[in-house]
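Presented below is the structure to which this report refers.
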Amino acid sequence: MYTEIKHTLRRMRGSIIGWGIGLFLYGIMMALFFSSMESIGGLVDIFENYPQEMLAFFPSIYEIMTPQGYMDTYYFAYMTLIIGIFAVSAGGNLLVSDEERGIMDLLLAYPVSRSSFFWGRFIGFCLACAAILIISWLGWVIPSGTSALGLGAIELLRPFLPLFVILMLFGITALLFSMLLPSARAAAGLAGALLVLNFLLVGLANINQDLQAFYELTPLYFYQGGSAIEGVNWVNLSGLSAVSLLLAGLAWWLFERREIRVGGEGGWKLPKLGRVGRGG
Amino acid sequence: MDRLASFTTSDEEPEAGIIVEQVLNDRESVRSVMGISKAIEITDLHKSYGSVQALLGVNIDVYPGEIFGFLGPNGAGKTTTIRCMLDMIRPQSGSIQVLGINPQKDPKGVHARTGYLPGELNIEANLKVKNVLRYFIDLRGDHVDWDTALQLAQRLELDLEVPVKNLSKGNKQKVGLVQAMMHKPELLIMDEPTSGLDPLMQQEVYRMLRQAQAEGCTIFFSSHIISEVESLADRVAIISMGKIVEEAEPGKLIKMEVRSMRIRFKEEVDASPLAQVPGVTVQSLTDGRQVTLRVEGDLDGLIKALAEFPVVDIDLQRQSLEEAFLAYYTSGSKEGS
């Protein structure tokens, strides 16, 4: 399993470095920019003139003068969507892209159980996501001494925990879809579409109360965002983690029983679910 | 399957009988070392993909220490059979034992003792060859010595510092060969082992495979190259439309081969004497100066007959093994043999 973890991290090192550096620099910029917020007078009055449809997507915008509101509005409210692109893409491609490229055929002929292979890749994926977020977190921590935010490393770390868990949830959803749908691209696309729809629902539920009940059943309802600076909601975090692990377990179960395709085989035809299972 | 007996014990083929006896003796000694009677035992294997029946009751026995050729046209079921043996896919019914292990129950046990070279070899393109091999060695655990992989790479003149994406098909094939053989497996399963290699390197691979056989390795391979099968295999099985249609010793293959020969003459000739040569059929005669013949079996009679003709040029086209078998089965000569 360790070999697969190492290999997965090596494959994802480009993404880790690319996403990490980008978010690191963005974090530094945003941390330093906070001090200038105080000098912008009448900011809240300006927001009052914004369309309600837009403000609905940034619930903390009226608290933008506070570190919590600022970080939520300018970072954590939409980072689910931004880093979510990486999560669903990496999750959907974690195993099935190797199958589509014909690499899996050779790898599974090695004396590594499918379980070790799956969980090795899975842990590697989790570590890659964690690495990106840790580098991003450093972007906030390093300038914290000179930033007007006045937050310590631990306080800055807290909102990254729910962000990590929500990214895992959507990444694992993409992984599960890749076991059910005929291509990695379709799996990542569908999981990405669900993420975008959920993000839109955050704002739409603020505008149309009829959608609230539906919104409360979606993952982003349980996502804390910047408010986690004051304390992590461990119940929500545990719940989302449990769902993630459940979906990962289901994906593993399907992978164990999967008929590995030859490279280039398959297509967009939906598989017959009745065929999933061990033969004689 | 019944035809195997007639091929291997035929009175008409004493040399082949001696060879088979030798092979059987060798097998016995390897069997006693490995402690199993069959390296591969496939019984009544059925596999379908939806409505497509890929395997319709395949039966194969491969004995320890033998080199077994597995032949058939595209889509006949070769790859499906191999992938069932390695638990990539699961059959609907039938049984498989590889080195005495059921791959559906203990795939890891089979994989630990097997080396596999897929027909379509795809490797992580961005890694250097040495990093790919190190990764494969890590996957094998403690069973592989880096020096062994290095020796194999040197023998195949494989540059380890090149990224896989820059390798030619032949060099990629060398990576596949090294990874399949580096742990000195008890069983090698190879789909087109010399695909993409130049003739010199093909010879080197044959030597490596014979050496592996001498060390007790059983080799199960598919190939399209008739000379490769003739020179390597102790026995062959031919699969067609999901069924084993023939098991034979490779010496029989040449008798099934049909060649097309185009002969150009210096002047107009009467080609009718050529049609009298056993196994020769005149397919066309152009201007009395060019004749196209279909030749079954060896060329001795035809060459002797041609000595009487003013020959300017001969163009001989050999069929692929699959074409030879297709022709063999459709011409009705099977019944006559």
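Chain identifiers are assigned as A, B, and so on, following the order in which chains appear in the structure tokens; residues are numbered from 1 within each chain, and ligands are numbered from 1 in order of appearance.
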- Near Leu117 (chain B), counting only C-alpha atoms, which residues have an atom at most 12 Å away, once you skip same-chain residues fewer than 4 positions from it, shown as a PyMOL selection string? (chain A and resi 103+105-110) or (chain B and resi 79+82-83+86+121-123+172-182+187-195+219-222)
- Query: Mind listing as a list in words which residues of chain B are within 6 Å of chain A, counting only C-alpha atoms?
  - Reply: Met88, Ile89, Arg90, Pro91, Gln92, Ser93, Lys108, His111, Ala112, Asn122 and Ile123 of chain B
Selected residues written out with C-alpha atoms, as a compact mmCIF listing (two decimals), in the first residue's frame:
```
# COMPACT_ATOMS: atom_id res chain seq x y z
CA MET B 88 -8.71 -8.91 -14.44
CA ILE B 89 -12.11 -10.18 -15.48
CA ARG B 90 -14.29 -12.94 -14.06
CA PRO B 91 -15.73 -15.75 -16.13
CA GLN B 92 -19.40 -16.72 -15.99
CA SER B 93 -18.56 -20.38 -15.57
CA LYS B 108 -2.26 -12.17 -5.34
CA HIS B 111 0.48 -12.69 -9.50
CA ALA B 112 3.37 -13.26 -7.08
CA ASN B 122 0.99 1.03 -21.54
CA ILE B 123 3.25 2.49 -18.91
```
- CA of Phe58 (chain A) to CA of Thr73 (chain A), distance in Å rounded to a single decimal: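 We find that CA of Phe58 (chain A) and CA of Thr73 (chain A) lie 5.8 Å from each other.
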- Which residue, A:Thr66, A:Asn236, A:Ser97, A:Gln224, has the smallest gap to Pro182 (chain A) when you use only C-alpha atoms? A:Ser97
- Test item: residues at most 6 Å from region 255-271 of chain B, only C-alpha atoms, excluding those fewer than 2 positions along its chain, as a count of residues only: 25
